[in-house]
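Engineer: Please find one structure pasted underneath; my questions will follow.
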Amino acid sequence: MKNTVLKKAVFGIFATTLLATASLGMTTNAAQASDDYCNAPKSEWQSMDALKEKLAADGWDVRKIKEDDGCYEVYAIKADGKKVEAYFNPATFELVKEDD
């Protein structure tokens with residue numbers, strides 16, 4: 001009986017450690033993904049007005065632009081009429097993420 005209890009305890013510790021390590025790794029990767037795209041120093045950022053002009057030239061009807069976690073967050077209606085929430089690198093205006 002002691003052998004079974006010991007095995008269960010060891011397995012429980014192993015499983016807990018494995019889950020904690022996996023969740024820590026996922027959190028780190030998510031943070032790194034955001035950092036990879038929107039980590040430019042503020043001195044390199046282009047203006048929100050310049051982004052609005054670029055998007056308007058592409059047919060977007062920009063409703064709002066704000067700063068969010070180092071990115072420009074844009075609420076707009078695209079040329080095809082779909083509402084969009086999009087994130088852009090403020091230095092390059094590279095599209096980082098888009099939610100329809």
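Residues in the structure tokens are named by chain (A, B, ... in the order shown) and by number from 1 within that chain; ligands are numbered from 1 in the order shown.
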Need to verify the contact set: Asp100 in chain A, 12 Å, only C-alpha atoms, exclusion of same-chain residues closer than 2 positions in sequence. Can you return it as a ChimeraX atom specification?

Structural biologist: /A:74-78,80-87,97-98

Engineer: From the options A:Ser43, A:Ala79, A:Cys71, A:Cys38, which residue's atoms come nearest to Gly59 in chain A, counting only C-alpha atoms?

Structural biologist: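 Of A:Ser43, A:Ala79, A:Cys71, A:Cys38, the one nearest Gly59 in chain A, counting only C-alpha atoms, is A:Ala79.
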
Engineer: I'd like the neighbourhood of Ala50 in chain A as number ranges by chain, where a residue qualifies if any of its atoms comes within 12 Å (using only C-alpha atoms), though same-chain residues fewer than 2 positions away should be ignored.

Structural biologist: A: 45-48, 52-57, 62, 65, 72, 90-93
